[in-house]
file model.cif (mmCIF, C-alpha atoms)
data_input
loop_
_atom_site.label_atom_id
_atom_site.label_comp_id
_atom_site.auth_asym_id
_atom_site.auth_seq_id
_atom_site.Cartn_x
_atom_site.Cartn_y
_atom_site.Cartn_z
CA MET A 1 -166.72 137.48 40.74
CA SER A 2 -169.23 135.73 38.63
CA LEU A 3 -170.12 132.12 39.15
CA PHE A 4 -168.65 131.24 35.76
CA SER A 5 -165.20 132.72 36.42
CA ARG A 6 -165.10 131.04 39.83
CA PHE A 7 -165.87 127.75 38.17
CA MET A 8 -163.15 128.37 35.58
CA ASP A 9 -160.67 129.21 38.35
CA SER A 10 -161.29 126.03 40.25
CA TRP A 11 -161.23 124.05 37.01
CA ARG A 12 -157.79 125.53 36.19
CA LYS A 13 -156.53 124.71 39.67
CA TYR A 14 -157.84 121.17 39.28
CA ARG A 15 -156.10 120.81 35.94
CA LYS A 16 -152.78 122.25 37.10
CA PRO A 17 -152.38 121.55 40.79
CA GLY A 18 -149.41 123.29 42.38
CA TYR A 19 -148.59 125.26 39.28
CA TYR A 20 -148.11 128.98 39.10
CA ASP A 21 -150.54 131.20 37.27
CA GLU A 22 -147.80 133.75 36.86
CA PHE A 23 -144.08 133.50 37.35
CA ASP A 24 -141.90 136.09 39.06
CA TYR A 25 -139.18 135.80 36.47
CA HIS A 26 -139.66 133.46 33.55
CA TRP A 27 -136.17 132.32 32.61
CA THR A 28 -135.98 131.30 28.99
CA MET A 29 -133.30 130.34 26.53
CA ALA A 30 -133.31 130.80 22.80
CA ILE A 31 -130.91 128.86 20.60
CA ASP A 32 -130.28 130.01 17.06
CA LEU A 33 -129.39 126.88 15.09
CA ASP A 34 -128.31 129.02 12.17
CA LYS A 35 -125.44 130.28 14.33
CA CYS A 36 -124.64 127.02 16.09
CA THR A 37 -121.52 125.38 14.67
CA GLY A 38 -121.53 122.39 16.98
CA CYS A 39 -118.18 123.31 18.50
CA GLU A 40 -119.16 121.96 21.96
CA ALA A 41 -117.74 124.96 23.81
CA CYS A 42 -120.99 125.04 25.77
CA VAL A 43 -120.54 121.40 26.76
CA THR A 44 -117.05 122.04 28.10
CA ALA A 45 -118.10 125.23 29.88
CA CYS A 46 -121.02 123.44 31.52
CA GLN A 47 -118.81 120.57 32.59
CA ALA A 48 -116.41 122.97 34.29
CA GLU A 49 -119.01 125.26 35.81
CA ASN A 50 -121.26 122.61 37.30
CA ASN A 51 -118.74 120.08 38.65
CA ILE A 52 -119.84 117.44 36.20
CA PRO A 53 -117.59 114.40 36.30
CA VAL A 54 -115.95 112.87 33.26
CA VAL A 55 -117.20 109.29 33.36
CA GLY A 56 -114.83 107.81 30.82
CA GLU A 57 -115.22 105.62 27.78
CA LYS A 58 -116.44 102.49 29.53
CA GLU A 59 -119.30 104.14 31.39
CA MET A 60 -120.20 106.15 28.31
CA ALA A 61 -120.66 102.90 26.39
CA ARG A 62 -123.02 101.70 29.11
CA GLY A 63 -125.15 104.82 28.68
CA ARG A 64 -124.10 106.39 31.95
CA GLU A 65 -122.67 109.59 30.57
CA MET A 66 -122.97 112.90 32.39
CA GLN A 67 -123.45 115.96 30.24
CA TRP A 68 -126.04 118.52 31.22
CA ILE A 69 -125.87 119.90 27.71
CA ARG A 70 -125.00 117.81 24.71
CA ILE A 71 -124.76 118.41 20.97
CA GLU A 72 -126.97 115.99 19.12
CA ARG A 73 -125.87 115.22 15.59
CA TYR A 74 -128.18 114.25 12.75
CA TRP A 75 -127.45 113.37 9.16
CA GLU A 76 -130.09 114.40 6.65
CA GLY A 77 -130.39 112.88 3.20
CA GLU A 78 -128.29 110.36 1.27
CA PHE A 79 -124.62 110.60 0.48
CA PRO A 80 -124.07 113.18 -2.25
CA ASP A 81 -126.86 115.44 -0.95
CA ILE A 82 -126.11 114.85 2.68
CA LYS A 83 -126.49 117.53 5.34
CA LEU A 84 -125.20 117.61 8.89
CA ARG A 85 -127.43 119.11 11.58
CA PHE A 86 -126.58 120.04 15.14
CA ILE A 87 -128.90 120.68 18.00
CA PRO A 88 -127.77 121.49 21.55
CA MET A 89 -130.00 119.66 23.97
CA MET A 90 -130.33 120.40 27.67
CA CYS A 91 -133.09 120.43 30.27
CA GLN A 92 -135.93 122.33 28.63
CA HIS A 93 -137.34 123.56 31.96
CA CYS A 94 -140.85 122.64 30.85
CA ASP A 95 -143.63 124.58 32.50
CA ALA A 96 -145.72 121.42 32.38
CA ALA A 97 -142.88 119.04 33.09
CA PRO A 98 -143.55 115.31 32.99
CA CYS A 99 -140.67 114.69 35.42
CA GLU A 100 -142.21 116.81 38.15
CA THR A 101 -145.46 114.89 38.32
CA VAL A 102 -143.72 111.56 38.83
CA CYS A 103 -141.20 112.28 41.59
CA PRO A 104 -142.43 110.45 44.71
CA VAL A 105 -140.57 112.76 47.12
CA GLY A 106 -141.02 116.11 45.41
CA ALA A 107 -137.30 116.49 44.77
CA THR A 108 -138.06 118.04 41.42
CA TYR A 109 -140.64 120.79 41.21
CA HIS A 110 -141.34 124.08 39.50
CA ASN A 111 -140.36 127.23 41.31
CA GLN A 112 -141.63 130.77 41.08
CA ASP A 113 -139.02 131.72 38.48
CA GLY A 114 -140.17 129.12 35.97
CA LEU A 115 -137.23 126.86 36.73
CA ASN A 116 -137.47 123.13 36.93
CA ALA A 117 -135.64 122.60 40.21
CA GLN A 118 -133.75 119.51 41.24
CA ILE A 119 -133.03 119.27 44.97
CA TYR A 120 -130.23 116.76 45.40
CA ASN A 121 -130.52 116.12 49.11
CA ARG A 122 -134.17 115.27 48.78
CA CYS A 123 -133.68 112.95 45.80
CA ILE A 124 -133.83 109.26 46.62
CA GLY A 125 -132.79 108.06 43.18
CA THR A 126 -135.85 106.31 41.82
CA ARG A 127 -134.85 107.51 38.33
CA ALA A 128 -138.55 107.77 37.46
CA CYS A 129 -138.05 111.36 36.27
CA ALA A 130 -135.42 110.25 33.77
CA VAL A 131 -137.88 107.73 32.37
CA TYR A 132 -140.59 110.36 32.05
CA CYS A 133 -138.36 113.01 30.50
CA PRO A 134 -139.02 113.05 26.74
CA TYR A 135 -135.77 114.93 26.09
CA GLU A 136 -133.53 112.41 27.90
CA VAL A 137 -131.63 115.14 29.68
CA ARG A 138 -131.61 113.83 33.23
CA TYR A 139 -128.46 112.10 34.38
CA PHE A 140 -128.06 109.69 37.24
CA ASN A 141 -125.02 109.37 39.48
CA TYR A 142 -124.25 105.67 39.38
CA TYR A 143 -121.04 106.19 41.33
CA ASP A 144 -119.38 108.60 43.69
CA HIS A 145 -117.22 110.36 41.17
CA HIS A 146 -113.96 111.84 42.28
CA TRP A 147 -111.50 114.33 40.91
CA ASP A 148 -107.81 113.53 41.08
CA SER A 149 -105.65 116.15 42.72
CA PRO A 150 -105.12 118.92 41.70
CA LEU A 151 -108.36 118.84 39.65
CA ASP A 152 -110.42 118.84 42.85
CA LYS A 153 -109.16 122.36 43.51
CA GLN A 154 -111.01 123.68 40.45
CA LEU A 155 -114.44 122.50 41.60
CA ASN A 156 -117.01 125.26 41.72
CA PRO A 157 -117.78 125.99 45.39
CA ASP A 158 -121.21 127.37 44.47
CA VAL A 159 -122.34 124.04 43.08
CA THR A 160 -122.81 120.84 45.05
CA VAL A 161 -120.62 117.88 44.22
CA ARG A 162 -123.36 115.33 43.78
CA GLY A 163 -123.00 112.01 45.48
CA LYS A 164 -123.95 108.52 44.39
CA GLY A 165 -127.62 107.81 43.84
CA VAL A 166 -129.03 111.21 42.93
CA MET A 167 -130.42 112.54 39.70
CA GLU A 168 -129.02 115.71 38.22
CA LYS A 169 -129.64 117.97 35.26
CA CYS A 170 -129.20 121.44 33.85
CA THR A 171 -130.19 124.13 36.35
CA PHE A 172 -129.87 127.15 34.01
CA CYS A 173 -126.86 127.88 36.26
CA ILE A 174 -128.94 128.65 39.32
CA GLN A 175 -125.81 129.83 41.16
CA ARG A 176 -125.37 132.62 38.61
CA ILE A 177 -129.04 133.59 38.78
CA ARG A 178 -128.76 133.68 42.57
CA GLN A 179 -125.64 135.83 42.37
CA ALA A 180 -127.23 138.26 39.92
CA LYS A 181 -130.22 138.65 42.24
CA ASP A 182 -127.83 139.23 45.12
CA LEU A 183 -126.00 141.98 43.23
CA ALA A 184 -129.29 143.52 42.15
CA LYS A 185 -130.30 143.71 45.80
CA ASP A 186 -127.02 145.47 46.59
CA ASP A 187 -127.92 148.13 44.04
CA GLY A 188 -131.35 148.48 45.58
CA ARG A 189 -133.01 147.01 42.53
CA ARG A 190 -135.89 144.62 42.76
CA ARG A 191 -135.27 142.95 39.43
CA VAL A 192 -132.29 141.65 37.53
CA ARG A 193 -131.48 143.51 34.32
CA ASP A 194 -131.45 141.77 30.96
CA GLY A 195 -128.06 140.24 30.24
CA GLU A 196 -126.92 140.15 33.86
CA VAL A 197 -127.48 136.42 34.10
CA GLN A 198 -125.51 134.34 31.66
CA PRO A 199 -125.34 130.58 32.14
CA ALA A 200 -121.95 129.06 31.39
CA CYS A 201 -123.08 127.74 27.99
CA VAL A 202 -124.38 131.14 26.89
CA GLN A 203 -121.26 132.90 28.07
CA SER A 204 -118.93 130.53 26.25
CA CYS A 205 -120.78 130.34 22.92
CA PRO A 206 -118.36 131.83 20.37
CA SER A 207 -121.05 132.53 17.78
CA LYS A 208 -123.57 133.87 20.31
CA ALA A 209 -126.12 131.27 19.24
CA LEU A 210 -127.49 130.97 22.77
CA VAL A 211 -129.47 133.75 24.39
CA PHE A 212 -130.74 133.70 27.95
CA GLY A 213 -133.05 136.01 29.79
CA ASP A 214 -136.40 136.81 31.29
CA ARG A 215 -139.32 136.17 28.99
CA LYS A 216 -141.54 138.53 30.96
CA ASP A 217 -139.42 141.52 29.98
CA PRO A 218 -140.60 142.55 26.47
CA ASP A 219 -137.35 144.46 25.83
CA SER A 220 -135.12 141.51 26.59
CA GLN A 221 -133.06 139.88 23.90
CA VAL A 222 -134.57 136.48 24.55
CA PHE A 223 -138.10 137.85 24.13
CA LYS A 224 -137.17 139.07 20.66
CA SER A 225 -135.45 135.81 19.78
CA MET A 226 -138.31 133.61 20.91
CA HIS A 227 -140.76 135.57 18.78
CA ASP A 228 -138.62 135.17 15.70
CA PRO A 229 -140.63 133.60 12.87
CA ARG A 230 -138.17 130.69 12.77
CA ASN A 231 -138.91 129.65 16.34
CA TYR A 232 -140.03 126.20 17.35
CA ARG A 233 -139.79 124.02 20.43
CA VAL A 234 -138.62 120.45 20.47
CA LEU A 235 -141.42 117.89 20.86
CA GLU A 236 -143.98 120.67 21.19
CA GLU A 237 -146.71 118.16 20.42
CA LEU A 238 -146.21 116.70 23.90
CA ASN A 239 -147.47 119.97 25.44
CA THR A 240 -144.54 120.21 27.79
CA ASP A 241 -144.56 123.99 27.36
CA SER A 242 -140.78 124.09 27.47
CA SER A 243 -138.68 127.18 28.16
CA VAL A 244 -136.02 126.56 25.52
CA PHE A 245 -136.81 127.94 22.08
CA TYR A 246 -134.93 126.88 18.98
CA LEU A 247 -134.62 129.02 15.88
CA LYS A 248 -134.66 126.89 12.78
CA LYS A 249 -131.67 126.69 10.49
CA VAL A 250 -132.39 128.28 7.13
CA ASP A 251 -130.87 126.50 4.14
CA ALA A 252 -129.47 128.76 1.49
CA MET B 253 -119.74 62.06 92.33
CA ASN B 254 -117.41 64.22 90.35
CA VAL B 255 -118.88 67.46 89.00
CA SER B 256 -116.78 69.55 86.64
CA ILE B 257 -117.46 73.08 85.46
CA VAL B 258 -115.09 72.64 82.50
CA PRO B 259 -117.83 71.71 79.97
CA ALA B 260 -119.85 74.73 81.03
CA LEU B 261 -116.83 76.99 80.64
CA LYS B 262 -116.18 75.59 77.18
CA VAL B 263 -119.65 76.63 76.16
CA LEU B 264 -119.22 80.08 77.68
CA ARG B 265 -115.86 80.73 76.02
CA PRO B 266 -117.14 82.14 72.70
CA ALA B 267 -119.55 84.35 74.59
CA ALA B 268 -116.75 85.67 76.78
CA MET B 269 -114.61 86.31 73.73
CA LEU B 270 -117.47 88.24 72.15
CA VAL B 271 -117.81 90.41 75.25
CA VAL B 272 -114.08 91.16 75.23
CA VAL B 273 -114.10 92.02 71.53
CA VAL B 274 -117.08 94.34 71.96
CA LEU B 275 -115.44 96.09 74.93
CA VAL B 276 -112.18 96.59 73.03
CA GLY B 277 -114.17 97.87 70.06
CA LEU B 278 -116.04 100.36 72.19
CA VAL B 279 -112.85 101.71 73.75
CA LEU B 280 -111.12 101.95 70.35
CA GLY B 281 -114.20 103.57 68.78
CA TYR B 282 -114.41 106.14 71.57
CA TRP B 283 -110.73 106.95 71.20
CA ALA B 284 -110.97 107.22 67.39
CA ASN B 285 -114.04 109.44 67.63
CA ALA B 286 -112.42 111.75 70.18
CA THR B 287 -109.17 111.91 68.19
CA PHE B 288 -110.27 112.17 64.60
CA VAL B 289 -113.73 113.77 64.75
CA PRO B 290 -113.44 117.39 65.83
CA GLY B 291 -116.69 117.37 67.78
CA THR B 292 -118.73 120.41 68.67
CA SER B 293 -116.04 122.25 70.62
CA PRO B 294 -112.62 121.15 69.37
CA GLU B 295 -109.36 122.31 70.89
CA GLN B 296 -107.88 124.94 68.61
CA PRO B 297 -104.15 125.35 67.82
CA ILE B 298 -104.19 128.57 69.83
CA ALA B 299 -106.53 128.95 72.80
CA PHE B 300 -108.21 132.02 71.33
CA SER B 301 -110.97 133.35 73.57
CA HIS B 302 -113.99 135.07 72.12
CA ARG B 303 -114.98 135.97 75.69
CA ILE B 304 -111.93 138.19 76.13
CA HIS B 305 -112.08 139.74 72.65
CA ALA B 306 -115.78 140.12 71.90
CA GLY B 307 -117.06 140.00 75.47
CA GLU B 308 -114.73 141.93 77.79
CA ASN B 309 -113.08 144.19 75.22
CA GLU B 310 -116.23 144.53 73.13
CA ILE B 311 -114.50 144.28 69.77
CA PRO B 312 -117.25 144.12 67.11
CA CYS B 313 -117.50 140.77 65.29
CA GLN B 314 -116.90 142.38 61.94
CA TYR B 315 -113.64 143.99 63.04
CA CYS B 316 -112.01 140.60 62.50
CA HIS B 317 -114.61 138.79 60.38
CA THR B 318 -114.49 141.51 57.75
CA GLN B 319 -115.79 139.41 54.90
CA ALA B 320 -119.14 138.75 56.58
CA ARG B 321 -120.80 141.81 55.07
CA ARG B 322 -119.15 141.39 51.67
CA SER B 323 -119.21 137.72 50.79
CA PRO B 324 -120.97 134.43 51.39
CA SER B 325 -118.28 133.35 53.81
CA ALA B 326 -117.61 135.28 57.03
CA GLY B 327 -113.94 134.45 56.80
CA VAL B 328 -111.32 133.76 59.41
CA PRO B 329 -108.97 136.72 59.93
CA SER B 330 -105.45 136.39 58.65
CA VAL B 331 -102.50 136.17 61.06
CA SER B 332 -101.55 139.72 60.14
CA LYS B 333 -104.90 140.90 61.51
CA CYS B 334 -104.11 139.33 64.89
CA VAL B 335 -100.56 140.67 64.88
CA GLY B 336 -101.85 144.11 64.01
CA CYS B 337 -102.91 144.43 67.66
CA HIS B 338 -100.73 141.80 69.31
CA ASN B 339 -97.53 143.45 68.20
CA GLU B 340 -98.28 145.76 71.11
CA VAL B 341 -100.95 144.10 73.23
CA ALA B 342 -100.19 141.31 75.73
CA THR B 343 -97.09 140.12 73.88
CA GLU B 344 -95.76 138.22 76.92
CA ARG B 345 -98.60 135.72 77.31
CA PRO B 346 -97.75 132.15 76.21
CA GLN B 347 -100.67 131.92 73.75
CA ILE B 348 -99.65 135.20 72.12
CA ARG B 349 -96.09 133.88 71.89
CA LEU B 350 -97.54 130.95 69.89
CA LEU B 351 -99.28 133.40 67.62
CA LEU B 352 -96.11 135.42 67.10
CA ASP B 353 -94.29 132.17 66.25
CA TYR B 354 -96.77 131.59 63.42
CA TRP B 355 -96.20 135.17 62.35
CA ALA B 356 -92.41 134.84 62.45
CA ASN B 357 -92.58 131.63 60.38
CA GLN B 358 -95.08 133.19 57.97
CA GLN B 359 -97.43 130.24 58.53
CA PRO B 360 -101.25 130.34 58.62
CA ILE B 361 -102.87 129.10 61.82
CA PRO B 362 -104.58 125.74 61.18
CA TRP B 363 -107.89 126.64 62.84
CA ILE B 364 -110.43 123.84 63.07
CA LYS B 365 -113.79 124.67 61.54
CA VAL B 366 -116.64 124.39 64.03
CA HIS B 367 -119.66 125.90 62.31
CA ASP B 368 -120.03 124.04 59.06
CA LEU B 369 -122.89 123.61 56.63
CA PRO B 370 -123.39 120.66 54.29
CA ASP B 371 -122.18 121.07 50.73
CA PHE B 372 -125.70 121.21 49.32
CA VAL B 373 -126.65 124.31 51.30
CA HIS B 374 -126.05 127.80 50.00
CA PHE B 375 -125.82 130.35 52.76
CA THR B 376 -124.54 133.86 52.30
CA HIS B 377 -123.41 135.88 55.29
CA LYS B 378 -123.61 139.06 53.24
CA ARG B 379 -127.38 139.10 52.82
CA HIS B 380 -127.99 138.23 56.44
CA VAL B 381 -125.53 140.76 57.86
CA LEU B 382 -126.89 143.49 55.57
CA ALA B 383 -130.39 142.57 56.78
CA GLU B 384 -129.06 143.30 60.28
CA ILE B 385 -129.55 139.83 61.67
CA ALA B 386 -127.42 139.60 64.81
CA CYS B 387 -124.59 137.08 64.59
CA GLN B 388 -125.78 135.55 67.86
CA THR B 389 -129.09 134.59 66.24
CA CYS B 390 -127.41 131.59 64.66
CA HIS B 391 -124.02 131.37 66.38
CA GLY B 392 -125.25 131.62 69.96
CA PRO B 393 -123.66 133.76 72.70
CA VAL B 394 -120.15 133.69 71.20
CA GLU B 395 -119.03 136.62 73.39
CA THR B 396 -119.36 134.41 76.47
CA MET B 397 -117.36 131.47 75.10
CA ASP B 398 -113.70 130.88 75.89
CA ARG B 399 -113.50 128.07 73.36
CA ILE B 400 -115.95 128.29 70.50
CA GLN B 401 -118.81 125.84 70.85
CA LEU B 402 -121.18 124.76 68.11
CA THR B 403 -124.49 126.31 69.05
CA SER B 404 -127.70 126.34 67.14
CA ARG B 405 -131.09 127.79 67.84
CA ALA B 406 -134.11 125.62 68.43
CA ILE B 407 -137.28 126.50 66.59
CA ASP B 408 -138.73 128.04 69.75
CA GLY B 409 -135.82 130.52 69.81
CA SER B 410 -133.79 128.98 72.64
CA THR B 411 -130.10 128.32 72.07
CA GLN B 412 -128.92 124.76 72.27
CA ALA B 413 -125.25 123.95 72.66
CA GLY B 414 -123.68 121.11 70.76
CA HIS B 415 -126.39 120.78 68.12
CA PRO B 416 -125.78 121.32 64.42
CA TRP B 417 -128.03 123.67 62.52
CA LYS B 418 -131.16 122.19 61.02
CA MET B 419 -133.29 123.31 58.11
CA GLY B 420 -136.16 124.21 60.46
CA LEU B 421 -134.12 127.07 61.90
CA CYS B 422 -133.65 128.67 58.48
CA LEU B 423 -137.22 128.08 57.33
CA ASN B 424 -138.75 129.32 60.55
CA CYS B 425 -136.81 132.58 60.41
CA HIS B 426 -137.59 133.02 56.71
CA ARG B 427 -141.29 132.52 57.45
CA GLU B 428 -141.32 134.87 60.44
CA ASN B 429 -139.59 137.66 58.53
CA GLU B 430 -141.59 136.99 55.37
CA VAL B 431 -138.50 136.73 53.20
CA GLU B 432 -139.28 136.99 49.51
CA ASN B 433 -139.30 133.45 48.07
CA GLY B 434 -137.81 132.45 51.41
CA THR B 435 -139.30 128.98 51.41
CA ASP B 436 -138.41 128.08 47.84
CA CYS B 437 -135.95 125.17 47.89
CA LEU B 438 -133.62 126.81 45.36
CA THR B 439 -133.16 129.81 47.64
CA CYS B 440 -130.86 127.74 49.84
CA HIS B 441 -130.23 124.44 48.07
CA LYS B 442 -127.80 124.41 45.24
#

call {"tool": "encode", "arguments": {"input": "model.cif", "output": "structure tokens"}}
result
Amino acid sequence: MSLFSRFMDSWRKYRKPGYYDEFDYHWTMAIDLDKCTGCEACVTACQAENNIPVVGEKEMARGREMQWIRIERYWEGEFPDIKLRFIPMMCQHCDAAPCETVCPVGATYHNQDGLNAQIYNRCIGTRACAVYCPYEVRYFNYYDHHWDSPLDKQLNPDVTVRGKGVMEKCTFCIQRIRQAKDLAKDDGRRRVRDGEVQPACVQSCPSKALVFGDRKDPDSQVFKSMHDPRNYRVLEELNTDSSVFYLKKVDA
Amino acid sequence: MNVSIVPALKVLRPAAMLVVVVLVGLVLGYWANATFVPGTSPEQPIAFSHRIHAGENEIPCQYCHTQARRSPSAGVPSVSKCVGCHNEVATERPQIRLLLDYWANQQPIPWIKVHDLPDFVHFTHKRHVLAEIACQTCHGPVETMDRIQLTSRAIDGSTQAGHPWKMGLCLNCHRENEVENGTDCLTCHK
């Protein structure tokens, strides 16, 4: 190895401490805004899948809502020529995530699959990550939420019921990724096939606007979607290197 | 000269009261703990003995805990599983009579869970059983226990009775066996 490449290596390590040069999987989502109708099926599916509490009107007004995925609504133009835009917004699983650098206890970090992990039992609730997140997709448990019987019977056993004082956010349905890997192992496969992992939002989308998969597989659907000429990433100028790609809506 | 101890007693009275209250509290607390917290070796509704079944009669663990190799949870056998043998075997013993009462009433047996993991931990029996990890590695020498006793393994490999499992046990084993991504938090935390 030449002196120059060794210098470049150590420079890269200095610039990105603790980051991976290459991911094992690189989970990515692509959202086609041309197909999105803003029906909020993904929101409901996420709420049910991930044991997200319904906080109610009062807490919502205080800005303490819990929705790992939300539909943001924008009006464009003035009244007669007005246009309504939707954009689903969830944790972007940035590869250079601002939230990860700020956590004092390392409760949020990047793992080998390109996921921005949130470890609830390590979180001490400083809420610093929520301040640093440019997408405003981290939600804090201000209370111990509870589910009235018989609603508590429908809680997902594969997902923790988060207690008071921890931060939470979209996990790309880590329980489903884990299960797909488990089934792949049963079949004696090393890797998960494209389409085997479907987060709740992707599964429930009636217009198939959301696509999820491994970016490292060039045959995967998400690879094709993310290289669509319409693609862009939200707040790309912040260099967060996010894993959620949006495909721009084309006006007729 | 008249000397009275009454003033001294008056001063001591609150202190004495405090002592009494603390004593009563301790007794009550001990009773509440013993009654409402199952502990590490709770008394089960039927005095089922793993020593007789798994030890003396050498019934394999997975004969009853059939879900261990198929699902995250090892599963407690249904009453019908017990009755499958005990229709014929040892039907006269008082504990088996209890079991057959549950069977006759079509009621599940309210077993008390001993080995429990916190909600934020994902553990799947399936992967570990298929990797041929012996049950005793984590559960201790179950085949010698009359009443099941919470047993964990210390990091040095020795079994310790009455201690809950700790993260070090999992991590140490994952490191020793070089499990793929075995030390990533999301492998176990959900």

call {"tool": "resolve_selection", "arguments": {"input": "model.cif", "expression": "the PyMOL selection byres ((chain B) within 9 of (chain A))", "output": "PyMOL selection string"}}
result
chain B and resi 371-374+379+433+436-439+441-442

call {"tool": "resolve_selection", "arguments": {"input": "model.cif", "expression": "the PyMOL selection byres ((chain A and resi 187-192) around 12)", "output": "count of residues only"}}
result
28

call {"tool": "atom_distance", "arguments": {"input": "model.cif", "atom1": "atom CA of A:Val211", "atom2": "atom CA of A:Gln47"}}
result
18.8 Å

call {"tool": "resolve_selection", "arguments": {"input": "model.cif", "expression": "the PyMOL selection byres ((chain B and resi 354-359) around 8)", "output": "list in words"}}
result
Val331, Ser332, Val335, Leu350, Leu351, Leu352, Asp353, Pro360 and Ile361 of chain B

call {"tool": "write_last_selection", "arguments": {"input": "model.cif", "atoms": "C-alpha atoms", "output": "mmCIF file, keeping the file's coordinate frame"}}
result
data_model
loop_
_atom_site.group_PDB
_atom_site.id
_atom_site.type_symbol
_atom_site.label_atom_id
_atom_site.label_comp_id
_atom_site.auth_asym_id
_atom_site.auth_seq_id
_atom_site.Cartn_x
_atom_site.Cartn_y
_atom_site.Cartn_z
ATOM 1 C CA VAL B 331 -102.500 136.170 61.060
ATOM 2 C CA SER B 332 -101.550 139.720 60.140
ATOM 3 C CA VAL B 335 -100.560 140.670 64.880
ATOM 4 C CA LEU B 350 -97.540 130.950 69.890
ATOM 5 C CA LEU B 351 -99.280 133.400 67.620
ATOM 6 C CA LEU B 352 -96.110 135.420 67.100
ATOM 7 C CA ASP B 353 -94.290 132.170 66.250
ATOM 8 C CA PRO B 360 -101.250 130.340 58.620
ATOM 9 C CA ILE B 361 -102.870 129.100 61.820
#

call {"tool": "atom_distance", "arguments": {"input": "model.cif", "atom1": "atom CA of B:Glu340", "atom2": "atom CA of B:Ala320"}}
result
26.4 Å

call {"tool": "atom_distance", "arguments": {"input": "model.cif", "atom1": "atom CA of B:Met269", "atom2": "atom CA of B:Val289"}}
result
28.9 Å

call {"tool": "residues_around", "arguments": {"input": "model.cif", "residues": "B:Ser293", "least_positions_apart": "3", "cutoff": "7 Å", "atoms": "all atoms listed in the file", "output": "PyMOL selection string"}}
result
chain B and resi 366+399-402

call {"tool": "residues_around", "arguments": {"input": "model.cif", "residues": "stretch 92-105 of chain A", "least_positions_apart": "5", "cutoff": "10 Å", "atoms": "all atoms listed in the file", "output": "VMD selection string"}}
result
chain A and resid 16 to 17 19 to 20 26 to 29 110 to 111 114 to 118 122 to 135 137 to 138 170 to 172 233 to 234 238 to 245

call {"tool": "axis_aligned_box", "arguments": {"input": "model.cif", "around": "stretch 359-367 of chain B", "padding_each_side": "6 Å", "output": "JSON"}}
result
{"center_x": -108.5, "center_y": 127.1, "center_z": 61.3, "size_x": 34.2, "size_y": 18.5, "size_z": 17.5}

call {"tool": "residues_around", "arguments": {"input": "model.cif", "residues": "B:Pro393", "least_positions_apart": "4", "cutoff": "12 Å", "atoms": "all atoms listed in the file", "output": "PyMOL selection string"}}
result
chain B and resi 302-303+306-307+313+386-389+397-405+410-413

call {"tool": "residues_around", "arguments": {"input": "model.cif", "residues": "A:Pro88", "least_positions_apart": "4", "cutoff": "9 Å", "atoms": "all atoms listed in the file", "output": "list in words"}}
result
Ile31, Leu33, Cys36, Gly38, Glu40, Cys42, Val43, Ile69, Arg70, Ile71, Glu72 and Arg73 of chain A

call {"tool": "residues_around", "arguments": {"input": "model.cif", "residues": "B:Ile385", "least_positions_apart": "5", "cutoff": "12 Å", "atoms": "only C-alpha atoms", "output": "list in words"}}
result
Ala320, Arg321, His377, Lys378, Arg379, His380, Cys390, His391, Cys425, His426 and Asn429 of chain B

call {"tool": "closest_residue", "arguments": {"input": "model.cif", "among": "B:Ala268, B:Pro324, B:Ile348, B:Thr318", "to": "B:Ser301", "atoms": "all atoms listed in the file"}}
result
B:Ile348
